[in-house]
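Peer 1: So here's final-v2.txt, just compact mmCIF, C-alpha atoms and all ligand atoms:
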```
# COMPACT_ATOMS: atom_id res chain seq x y z
CA MET A 1 -4.25 1.58 12.59
CA ARG A 2 -0.55 0.74 12.51
CA ILE A 3 0.76 2.01 9.20
CA SER A 4 4.20 1.38 7.75
CA VAL A 5 5.34 4.18 5.47
CA GLY A 6 8.32 4.55 3.17
CA SER A 7 9.62 6.53 0.24
CA ASP A 8 12.64 7.11 -1.90
CA HIS A 9 14.16 10.57 -2.44
CA ALA A 10 11.45 11.48 -4.97
CA GLY A 11 8.73 10.78 -2.45
CA PHE A 12 10.47 12.07 0.65
CA LEU A 13 8.72 15.45 0.91
CA LEU A 14 5.29 13.98 0.27
CA LYS A 15 6.01 11.23 2.80
CA LYS A 16 6.79 13.86 5.41
CA GLU A 17 3.43 15.47 4.78
CA LEU A 18 1.52 12.17 4.79
CA VAL A 19 3.22 11.02 8.00
CA SER A 20 2.03 14.18 9.69
CA VAL A 21 -1.52 13.67 8.34
CA LEU A 22 -1.54 10.06 9.54
CA THR A 23 -0.24 10.97 12.96
CA GLY A 24 -2.82 13.75 13.19
CA LEU A 25 -5.55 11.20 12.44
CA GLY A 26 -4.34 9.11 15.37
CA HIS A 27 -2.63 6.31 13.47
CA VAL A 28 0.58 4.70 14.68
CA VAL A 29 3.17 5.31 11.97
CA PHE A 30 6.31 3.26 11.34
CA ASP A 31 8.45 5.47 9.12
CA LEU A 32 10.91 3.20 7.34
CA GLY A 33 12.68 6.00 5.47
CA CYS A 34 14.18 7.53 3.54
CA PHE A 35 14.99 10.59 5.58
CA SER A 36 16.32 13.11 3.07
CA THR A 37 16.14 14.04 -0.61
CA ASP A 38 19.49 12.33 -1.24
CA SER A 39 19.13 9.76 -3.98
CA VAL A 40 18.31 6.30 -2.70
CA ASP A 41 17.12 3.08 -4.35
CA TYR A 42 13.42 2.41 -3.80
CA PRO A 43 13.26 -1.43 -3.88
CA GLY A 44 14.62 -2.07 -0.39
CA ILE A 45 12.43 0.58 1.22
CA ALA A 46 9.29 -0.55 -0.61
CA ALA A 47 10.00 -4.16 0.37
CA GLY A 48 10.42 -3.13 4.00
CA VAL A 49 7.01 -1.45 4.08
CA ALA A 50 5.37 -4.41 2.35
CA ARG A 51 7.07 -6.97 4.60
CA ALA A 52 5.74 -5.18 7.69
CA VAL A 53 2.20 -5.56 6.32
CA ALA A 54 2.71 -9.19 5.30
CA ALA A 55 4.13 -9.99 8.73
CA GLY A 56 1.20 -8.32 10.48
CA THR A 57 3.44 -5.76 12.20
CA ALA A 58 1.49 -3.10 10.31
CA ASP A 59 -2.18 -3.13 9.31
CA ARG A 60 -1.53 -1.16 6.12
CA GLY A 61 1.40 0.29 4.19
CA VAL A 62 1.96 3.44 2.17
CA ILE A 63 4.85 3.81 -0.27
CA ILE A 64 5.75 6.91 -2.23
CA CYS A 65 8.25 7.19 -5.05
CA GLY A 66 8.39 9.35 -8.17
CA THR A 67 5.70 7.50 -10.09
CA GLY A 68 4.58 4.98 -7.47
CA ILE A 69 5.13 2.30 -10.10
CA GLY A 70 8.48 0.88 -9.00
CA SER A 71 7.26 0.71 -5.40
CA CYS A 72 4.07 -1.04 -6.48
CA ILE A 73 5.98 -3.62 -8.51
CA VAL A 74 8.22 -4.36 -5.52
CA ALA A 75 5.42 -4.49 -2.94
CA ASN A 76 3.42 -6.96 -5.00
CA LYS A 77 6.35 -9.40 -4.90
CA ILE A 78 5.78 -9.88 -1.18
CA PRO A 79 3.31 -12.73 -0.50
CA GLY A 80 0.14 -11.49 1.14
CA VAL A 81 0.54 -7.95 -0.15
CA ARG A 82 -2.00 -6.41 -2.51
CA ALA A 83 -0.49 -3.08 -3.45
CA ALA A 84 -2.49 -0.53 -5.44
CA LEU A 85 -1.19 2.47 -7.33
CA CYS A 86 -3.85 5.17 -6.97
CA HIS A 87 -3.85 8.65 -8.45
CA ASP A 88 -7.57 9.27 -8.25
CA LEU A 89 -10.25 8.98 -5.58
CA TYR A 90 -12.35 6.41 -7.45
CA SER A 91 -9.47 3.93 -7.62
CA ALA A 92 -8.59 4.56 -3.98
CA ARG A 93 -12.13 3.64 -2.91
CA VAL A 94 -12.71 0.73 -5.26
CA THR A 95 -9.36 -0.94 -4.67
CA ARG A 96 -10.32 -1.21 -1.00
CA GLU A 97 -13.87 -2.36 -1.73
CA HIS A 98 -12.96 -4.90 -4.41
CA ASN A 99 -9.28 -5.83 -4.00
CA ASP A 100 -8.86 -5.39 -0.24
CA SER A 101 -5.56 -3.67 -1.06
CA ASN A 102 -3.32 -3.41 1.97
CA VAL A 103 -0.59 -1.19 0.52
CA LEU A 104 -1.14 2.16 -1.20
CA CYS A 105 1.44 3.42 -3.68
CA LEU A 106 1.62 7.06 -4.71
CA GLY A 107 3.68 8.95 -7.26
CA ALA A 108 4.92 12.24 -5.85
CA ARG A 109 5.93 13.39 -9.34
CA VAL A 110 2.49 12.58 -10.74
CA ILE A 111 0.01 14.15 -8.33
CA GLY A 112 0.09 17.08 -5.94
CA PRO A 113 0.11 16.80 -2.17
CA ASP A 114 -3.53 17.85 -1.68
CA LEU A 115 -4.84 15.08 -3.92
CA ALA A 116 -2.43 12.60 -2.31
CA VAL A 117 -3.84 13.44 1.12
CA GLU A 118 -7.43 12.98 -0.12
CA ILE A 119 -6.55 9.66 -1.76
CA LEU A 120 -4.88 8.48 1.43
CA LYS A 121 -7.90 9.42 3.54
CA VAL A 122 -10.38 7.68 1.23
CA TRP A 123 -8.19 4.58 0.99
CA LEU A 124 -7.88 4.36 4.77
CA ALA A 125 -11.55 4.97 5.45
CA THR A 126 -12.96 2.47 2.94
CA ALA A 127 -13.68 -1.10 4.00
CA PHE A 128 -13.47 -4.25 1.89
CA THR A 129 -17.06 -4.99 0.85
CA GLY A 130 -16.79 -8.63 1.84
CA ALA A 131 -19.08 -9.48 -1.09
CA GLU A 132 -18.76 -13.14 -2.01
CA ARG A 133 -17.47 -12.42 -5.54
CA HIS A 134 -14.76 -10.07 -4.31
CA GLY A 135 -13.68 -12.47 -1.56
CA ARG A 136 -13.52 -15.23 -4.16
CA ARG A 137 -11.36 -13.12 -6.48
CA VAL A 138 -9.00 -12.07 -3.70
CA GLY A 139 -8.78 -15.74 -2.78
CA GLN A 140 -7.85 -16.53 -6.38
CA ILE A 141 -5.04 -13.97 -6.18
CA ALA A 142 -3.76 -15.76 -3.08
CA ASP A 143 -3.97 -19.12 -4.87
CA ILE A 144 -1.91 -17.83 -7.81
CA GLU A 145 0.61 -16.37 -5.40
CA ALA A 146 0.82 -19.64 -3.48
CA GLU A 147 1.87 -21.46 -6.68
CA TYR A 148 5.09 -19.45 -6.56
CA CYS A 149 5.63 -19.78 -2.81
CA LYS A 150 5.92 -23.55 -2.60
CA GLY A 151 8.35 -24.54 0.10
CA ARG A 152 8.13 -21.11 1.70
CA PRO A 153 5.95 -21.26 4.78
CA GLN A 154 3.85 -18.09 4.60
CA ALA A 155 0.39 -17.30 5.84
CA PRO A 156 -0.87 -14.38 3.74
CA PRO A 157 -3.39 -12.17 5.54
CA GLU A 158 -7.01 -13.24 5.10
CA PRO A 159 -9.19 -11.16 2.75
CA GLY A 160 -10.64 -8.40 4.90
CA GLY A 161 -7.63 -8.50 7.17
CA GLY A 162 -6.20 -5.33 5.65
CA ARG A 163 -8.76 -3.26 7.54
C1 LIG A 201 13.55 7.80 -9.12
O1 LIG A 201 14.15 8.64 -10.06
C2 LIG A 201 12.33 7.12 -9.72
O2 LIG A 201 12.75 6.21 -10.68
C3 LIG A 201 11.53 6.42 -8.64
O3 LIG A 201 11.16 7.37 -7.69
C4 LIG A 201 10.26 5.77 -9.09
O4 LIG A 201 9.49 6.62 -9.87
C5 LIG A 201 10.38 4.43 -9.66
O5 LIG A 201 9.38 3.80 -10.04
```
Would it be possible to restate this file's structure as structure tokens?
Ligand code: RB5

Peer 2:
Amino acid sequence: MRISVGSDHAGFLLKKELVSVLTGLGHVVFDLGCFSTDSVDYPGIAAGVARAVAAGTADRGVIICGTGIGSCIVANKIPGVRAALCHDLYSARVTREHNDSNVLCLGARVIGPDLAVEILKVWLATAFTGAERHGRRVGQIADIEAEYCKGRPQAPPEPGGGR
């Protein structure tokens, strides 16, 4: 898959590790920064990762900040993005199966690198179930989003498109 990845200073070291895991798994990684532990604001970087997914340049996105929360808030502002903050394996699996999440947010100050790697692997490997009820609910998310996107031509990815 093509995966856009970004972090702020708090997530930089974990991002480095996850980029190397992703590359090792054969994914194409677009690293959108940051590139040091110097303090940087997370909104612009998180938006960049999410925009790449919404535009279809990337199949999935991964964003890491201190808690993962700020990044998740930002990513979910981008139409077509369903970002999930996951700090456990159950959520990582079920957010793919039920929500078809296309962006994963992680908090580098909340979990250790080994768990982050496991969460990433499960999230990447799990498919959207495609069950009618989950497709319907994801469609309802898109409908709610569309209410706030009037006048903005946008074609959010189809449910199941976030492979
Ligand atoms: C940076 O100190 C921290 O606020 C940021 O990494 C993130 O946790 C925001 O949600």

Peer 1: Using all atoms listed in the file, which residues of chain A come within 10 Å of ligand LIG 201 (chain A), and what is the closest atom pair for each, with the distance in Å to one decimal? Give it as a Markdown table, sorted by chain and residue number.

Peer 2:
```
| residue | atom | partner | partner_atom | distance |
| --- | --- | --- | --- | --- |
| A:Ser7 | CA | A:LIG201 | O3 | 8.1 |
| A:Asp8 | CA | A:LIG201 | O3 | 6.0 |
| A:His9 | CA | A:LIG201 | O3 | 6.8 |
| A:Ala10 | CA | A:LIG201 | O3 | 4.9 |
| A:Gly11 | CA | A:LIG201 | O3 | 6.7 |
| A:Phe12 | CA | A:LIG201 | O3 | 9.6 |
| A:Ser39 | CA | A:LIG201 | C1 | 7.8 |
| A:Val40 | CA | A:LIG201 | C1 | 8.1 |
| A:Asp41 | CA | A:LIG201 | C1 | 7.6 |
| A:Tyr42 | CA | A:LIG201 | C3 | 6.6 |
| A:Pro43 | CA | A:LIG201 | C5 | 8.7 |
| A:Ile64 | CA | A:LIG201 | O3 | 7.7 |
| A:Cys65 | CA | A:LIG201 | O3 | 3.9 |
| A:Gly66 | CA | A:LIG201 | O4 | 3.4 |
| A:Thr67 | CA | A:LIG201 | O4 | 3.9 |
| A:Gly68 | CA | A:LIG201 | O5 | 5.6 |
| A:Ile69 | CA | A:LIG201 | O5 | 4.5 |
| A:Gly70 | CA | A:LIG201 | O5 | 3.2 |
| A:Ser71 | CA | A:LIG201 | O5 | 6.0 |
| A:Cys72 | CA | A:LIG201 | O5 | 8.0 |
| A:Ile73 | CA | A:LIG201 | O5 | 8.3 |
| A:Val74 | CA | A:LIG201 | O5 | 9.4 |
| A:Leu106 | CA | A:LIG201 | O4 | 9.4 |
| A:Gly107 | CA | A:LIG201 | O4 | 6.8 |
| A:Ala108 | CA | A:LIG201 | O3 | 8.1 |
| A:Arg109 | CA | A:LIG201 | O4 | 7.7 |
| A:Val110 | CA | A:LIG201 | O4 | 9.2 |
```

Peer 1: Anything within 12 Å of (-8.3, 2.9, -4.4): list those residues as a PDB file with C-alpha atoms, in the frame of the given file, counting only C-alpha atoms and sticking to the file's coordinates.

Peer 2:
```pdb
ATOM      1  CA  ARG A  82      -2.000  -6.410  -2.510  1.00  0.00           C
ATOM      2  CA  ALA A  83      -0.490  -3.080  -3.450  1.00  0.00           C
ATOM      3  CA  ALA A  84      -2.490  -0.530  -5.440  1.00  0.00           C
ATOM      4  CA  LEU A  85      -1.190   2.470  -7.330  1.00  0.00           C
ATOM      5  CA  CYS A  86      -3.850   5.170  -6.970  1.00  0.00           C
ATOM      6  CA  HIS A  87      -3.850   8.650  -8.450  1.00  0.00           C
ATOM      7  CA  ASP A  88      -7.570   9.270  -8.250  1.00  0.00           C
ATOM      8  CA  LEU A  89     -10.250   8.980  -5.580  1.00  0.00           C
ATOM      9  CA  TYR A  90     -12.350   6.410  -7.450  1.00  0.00           C
ATOM     10  CA  SER A  91      -9.470   3.930  -7.620  1.00  0.00           C
ATOM     11  CA  ALA A  92      -8.590   4.560  -3.980  1.00  0.00           C
ATOM     12  CA  ARG A  93     -12.130   3.640  -2.910  1.00  0.00           C
ATOM     13  CA  VAL A  94     -12.710   0.730  -5.260  1.00  0.00           C
ATOM     14  CA  THR A  95      -9.360  -0.940  -4.670  1.00  0.00           C
ATOM     15  CA  ARG A  96     -10.320  -1.210  -1.000  1.00  0.00           C
ATOM     16  CA  GLU A  97     -13.870  -2.360  -1.730  1.00  0.00           C
ATOM     17  CA  HIS A  98     -12.960  -4.900  -4.410  1.00  0.00           C
ATOM     18  CA  ASN A  99      -9.280  -5.830  -4.000  1.00  0.00           C
ATOM     19  CA  ASP A 100      -8.860  -5.390  -0.240  1.00  0.00           C
ATOM     20  CA  SER A 101      -5.560  -3.670  -1.060  1.00  0.00           C
ATOM     21  CA  ASN A 102      -3.320  -3.410   1.970  1.00  0.00           C
ATOM     22  CA  VAL A 103      -0.590  -1.190   0.520  1.00  0.00           C
ATOM     23  CA  LEU A 104      -1.140   2.160  -1.200  1.00  0.00           C
ATOM     24  CA  CYS A 105       1.440   3.420  -3.680  1.00  0.00           C
ATOM     25  CA  LEU A 106       1.620   7.060  -4.710  1.00  0.00           C
ATOM     26  CA  ALA A 116      -2.430  12.600  -2.310  1.00  0.00           C
ATOM     27  CA  GLU A 118      -7.430  12.980  -0.120  1.00  0.00           C
ATOM     28  CA  ILE A 119      -6.550   9.660  -1.760  1.00  0.00           C
ATOM     29  CA  LEU A 120      -4.880   8.480   1.430  1.00  0.00           C
ATOM     30  CA  LYS A 121      -7.900   9.420   3.540  1.00  0.00           C
ATOM     31  CA  VAL A 122     -10.380   7.680   1.230  1.00  0.00           C
ATOM     32  CA  TRP A 123      -8.190   4.580   0.990  1.00  0.00           C
ATOM     33  CA  LEU A 124      -7.880   4.360   4.770  1.00  0.00           C
ATOM     34  CA  ALA A 125     -11.550   4.970   5.450  1.00  0.00           C
ATOM     35  CA  THR A 126     -12.960   2.470   2.940  1.00  0.00           C
ATOM     36  CA  ALA A 127     -13.680  -1.100   4.000  1.00  0.00           C
ATOM     37  CA  PHE A 128     -13.470  -4.250   1.890  1.00  0.00           C
TER      38      PHE A 128
END
```

Peer 1: Counting all atoms listed in the file, which residue out of A:Gly48, A:Gly26, A:Gly33, A:Gly80 sits closest to Gly139 in chain A?

Peer 2: A:Gly80

Peer 1: Show which residues sit within 12 Å of Val19 in chain A, as a count of residues only. Count all atoms listed in the file, and ignore same-chain residues fewer than 5 positions away.

Peer 2: 27

Peer 1: Which one is closest to Thr57 in chain A: A:Met1, A:Ile111, A:Leu22, A:Ala75? Count only C-alpha atoms.

Peer 2: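 Once distances to Thr57 in chain A are computed over only C-alpha atoms, the minimum belongs to A:Met1.
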
Peer 1: Rounded to one decimal place, report the CA of Asp59 in chain A-CA of Asp38 in chain A distance in Å.

Peer 2: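 According to the coordinates, CA of Asp59 in chain A and CA of Asp38 in chain A are separated by 28.6 Å.
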
Peer 1: Using only C-alpha atoms, which residue out of A:Gly112, A:Tyr148, A:Gly130, A:Ile78 lies closest to Gly44 in chain A?

Peer 2: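 Nearest candidate to Gly44 in chain A out of A:Gly112, A:Tyr148, A:Gly130, A:Ile78: A:Ile78.
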
Peer 1: Write a file for range 19-112 of chain A of the given structure; include C-alpha atoms and format it as a PDB file, in the first residue's frame.

Peer 2:
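Full text of decode34.pdb as output:
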```pdb
ATOM      1  CA  VAL A  19       8.517   4.071   8.773  1.00  0.00           C
ATOM      2  CA  SER A  20      11.207   1.423   8.889  1.00  0.00           C
ATOM      3  CA  VAL A  21       8.630  -1.266   9.782  1.00  0.00           C
ATOM      4  CA  LEU A  22       6.371  -0.159   6.925  1.00  0.00           C
ATOM      5  CA  THR A  23       9.203  -0.084   4.434  1.00  0.00           C
ATOM      6  CA  GLY A  24      10.318  -3.521   5.617  1.00  0.00           C
ATOM      7  CA  LEU A  25       6.797  -4.830   4.969  1.00  0.00           C
ATOM      8  CA  GLY A  26       7.052  -3.580   1.389  1.00  0.00           C
ATOM      9  CA  HIS A  27       4.775  -0.554   1.629  1.00  0.00           C
ATOM     10  CA  VAL A  28       5.498   2.678  -0.201  1.00  0.00           C
ATOM     11  CA  VAL A  29       5.881   5.368   2.461  1.00  0.00           C
ATOM     12  CA  PHE A  30       5.401   9.106   2.000  1.00  0.00           C
ATOM     13  CA  ASP A  31       7.042  10.660   5.045  1.00  0.00           C
ATOM     14  CA  LEU A  32       5.559  14.125   5.452  1.00  0.00           C
ATOM     15  CA  GLY A  33       7.663  15.039   8.490  1.00  0.00           C
ATOM     16  CA  CYS A  34       8.631  16.223  10.942  1.00  0.00           C
ATOM     17  CA  PHE A  35      12.285  15.322  10.723  1.00  0.00           C
ATOM     18  CA  SER A  36      13.687  16.096  14.171  1.00  0.00           C
ATOM     19  CA  THR A  37      12.654  16.377  17.811  1.00  0.00           C
ATOM     20  CA  ASP A  38      12.515  20.172  17.518  1.00  0.00           C
ATOM     21  CA  SER A  39       9.130  21.434  18.595  1.00  0.00           C
ATOM     22  CA  VAL A  40       6.667  21.748  15.737  1.00  0.00           C
ATOM     23  CA  ASP A  41       2.905  22.285  15.530  1.00  0.00           C
ATOM     24  CA  TYR A  42       1.002  19.096  14.698  1.00  0.00           C
ATOM     25  CA  PRO A  43      -2.076  20.444  12.834  1.00  0.00           C
ATOM     26  CA  GLY A  44      -0.388  21.159   9.498  1.00  0.00           C
ATOM     27  CA  ILE A  45       1.427  17.826   9.428  1.00  0.00           C
ATOM     28  CA  ALA A  46      -1.664  15.840  10.419  1.00  0.00           C
ATOM     29  CA  ALA A  47      -3.703  17.649   7.769  1.00  0.00           C
ATOM     30  CA  GLY A  48      -1.067  16.842   5.148  1.00  0.00           C
ATOM     31  CA  VAL A  49      -1.235  13.121   5.910  1.00  0.00           C
ATOM     32  CA  ALA A  50      -5.039  13.159   5.903  1.00  0.00           C
ATOM     33  CA  ARG A  51      -5.242  15.178   2.674  1.00  0.00           C
ATOM     34  CA  ALA A  52      -3.045  12.633   0.902  1.00  0.00           C
ATOM     35  CA  VAL A  53      -5.526   9.902   1.870  1.00  0.00           C
ATOM     36  CA  ALA A  54      -8.574  11.978   0.928  1.00  0.00           C
ATOM     37  CA  ALA A  55      -7.001  12.812  -2.434  1.00  0.00           C
ATOM     38  CA  GLY A  56      -6.210   9.164  -3.120  1.00  0.00           C
ATOM     39  CA  THR A  57      -2.461   9.810  -3.303  1.00  0.00           C
ATOM     40  CA  ALA A  58      -2.120   7.451  -0.347  1.00  0.00           C
ATOM     41  CA  ASP A  59      -4.218   4.389   0.473  1.00  0.00           C
ATOM     42  CA  ARG A  60      -3.857   4.900   4.228  1.00  0.00           C
ATOM     43  CA  GLY A  61      -2.322   7.392   6.643  1.00  0.00           C
ATOM     44  CA  VAL A  62      -0.552   7.122   9.980  1.00  0.00           C
ATOM     45  CA  ILE A  63      -0.103  10.103  12.298  1.00  0.00           C
ATOM     46  CA  ILE A  64       1.810  10.148  15.551  1.00  0.00           C
ATOM     47  CA  CYS A  65       1.847  12.897  18.153  1.00  0.00           C
ATOM     48  CA  GLY A  66       2.161  12.867  21.936  1.00  0.00           C
ATOM     49  CA  THR A  67      -1.327  11.578  22.648  1.00  0.00           C
ATOM     50  CA  GLY A  68      -2.584  10.973  19.108  1.00  0.00           C
ATOM     51  CA  ILE A  69      -5.611  13.070  20.028  1.00  0.00           C
ATOM     52  CA  GLY A  70      -4.724  16.383  18.384  1.00  0.00           C
ATOM     53  CA  SER A  71      -3.767  14.574  15.183  1.00  0.00           C
ATOM     54  CA  CYS A  72      -7.013  12.620  15.213  1.00  0.00           C
ATOM     55  CA  ILE A  73      -9.086  15.763  15.681  1.00  0.00           C
ATOM     56  CA  VAL A  74      -7.318  17.409  12.737  1.00  0.00           C
ATOM     57  CA  ALA A  75      -7.476  14.387  10.430  1.00  0.00           C
ATOM     58  CA  ASN A  76     -11.208  13.988  10.956  1.00  0.00           C
ATOM     59  CA  LYS A  77     -11.758  17.532   9.655  1.00  0.00           C
ATOM     60  CA  ILE A  78     -10.697  16.400   6.197  1.00  0.00           C
ATOM     61  CA  PRO A  79     -13.674  15.135   4.159  1.00  0.00           C
ATOM     62  CA  GLY A  80     -13.374  11.459   3.350  1.00  0.00           C
ATOM     63  CA  VAL A  81     -11.045  10.730   6.245  1.00  0.00           C
ATOM     64  CA  ARG A  82     -12.043   8.378   9.039  1.00  0.00           C
ATOM     65  CA  ALA A  83      -9.227   8.650  11.539  1.00  0.00           C
ATOM     66  CA  ALA A  84      -9.041   6.308  14.529  1.00  0.00           C
ATOM     67  CA  LEU A  85      -7.002   6.732  17.681  1.00  0.00           C
ATOM     68  CA  CYS A  86      -5.929   3.235  18.713  1.00  0.00           C
ATOM     69  CA  HIS A  87      -3.910   2.221  21.740  1.00  0.00           C
ATOM     70  CA  ASP A  88      -4.980  -1.408  21.861  1.00  0.00           C
ATOM     71  CA  LEU A  89      -5.180  -4.279  19.391  1.00  0.00           C
ATOM     72  CA  TYR A  90      -8.940  -4.769  19.701  1.00  0.00           C
ATOM     73  CA  SER A  91      -9.669  -1.190  18.613  1.00  0.00           C
ATOM     74  CA  ALA A  92      -7.135  -1.441  15.791  1.00  0.00           C
ATOM     75  CA  ARG A  93      -8.926  -4.490  14.378  1.00  0.00           C
ATOM     76  CA  VAL A  94     -12.498  -3.384  14.945  1.00  0.00           C
ATOM     77  CA  THR A  95     -12.051   0.139  13.616  1.00  0.00           C
ATOM     78  CA  ARG A  96     -11.011  -1.414  10.304  1.00  0.00           C
ATOM     79  CA  GLU A  97     -13.804  -4.001  10.330  1.00  0.00           C
ATOM     80  CA  HIS A  98     -16.585  -1.622  11.371  1.00  0.00           C
ATOM     81  CA  ASN A  99     -15.491   1.949  10.576  1.00  0.00           C
ATOM     82  CA  ASP A 100     -13.255   1.339   7.550  1.00  0.00           C
ATOM     83  CA  SER A 101     -10.840   3.808   9.143  1.00  0.00           C
ATOM     84  CA  ASN A 102      -8.279   5.067   6.675  1.00  0.00           C
ATOM     85  CA  VAL A 103      -6.015   6.973   9.064  1.00  0.00           C
ATOM     86  CA  LEU A 104      -4.438   5.565  12.227  1.00  0.00           C
ATOM     87  CA  CYS A 105      -3.451   7.935  15.029  1.00  0.00           C
ATOM     88  CA  LEU A 106      -1.024   6.924  17.748  1.00  0.00           C
ATOM     89  CA  GLY A 107       0.192   8.598  20.914  1.00  0.00           C
ATOM     90  CA  ALA A 108       3.921   8.138  21.365  1.00  0.00           C
ATOM     91  CA  ARG A 109       3.669   9.361  24.964  1.00  0.00           C
ATOM     92  CA  VAL A 110       0.897   6.888  25.741  1.00  0.00           C
ATOM     93  CA  ILE A 111       2.103   3.536  24.429  1.00  0.00           C
ATOM     94  CA  GLY A 112       5.497   1.961  23.848  1.00  0.00           C
TER      95      GLY A 112
END
```
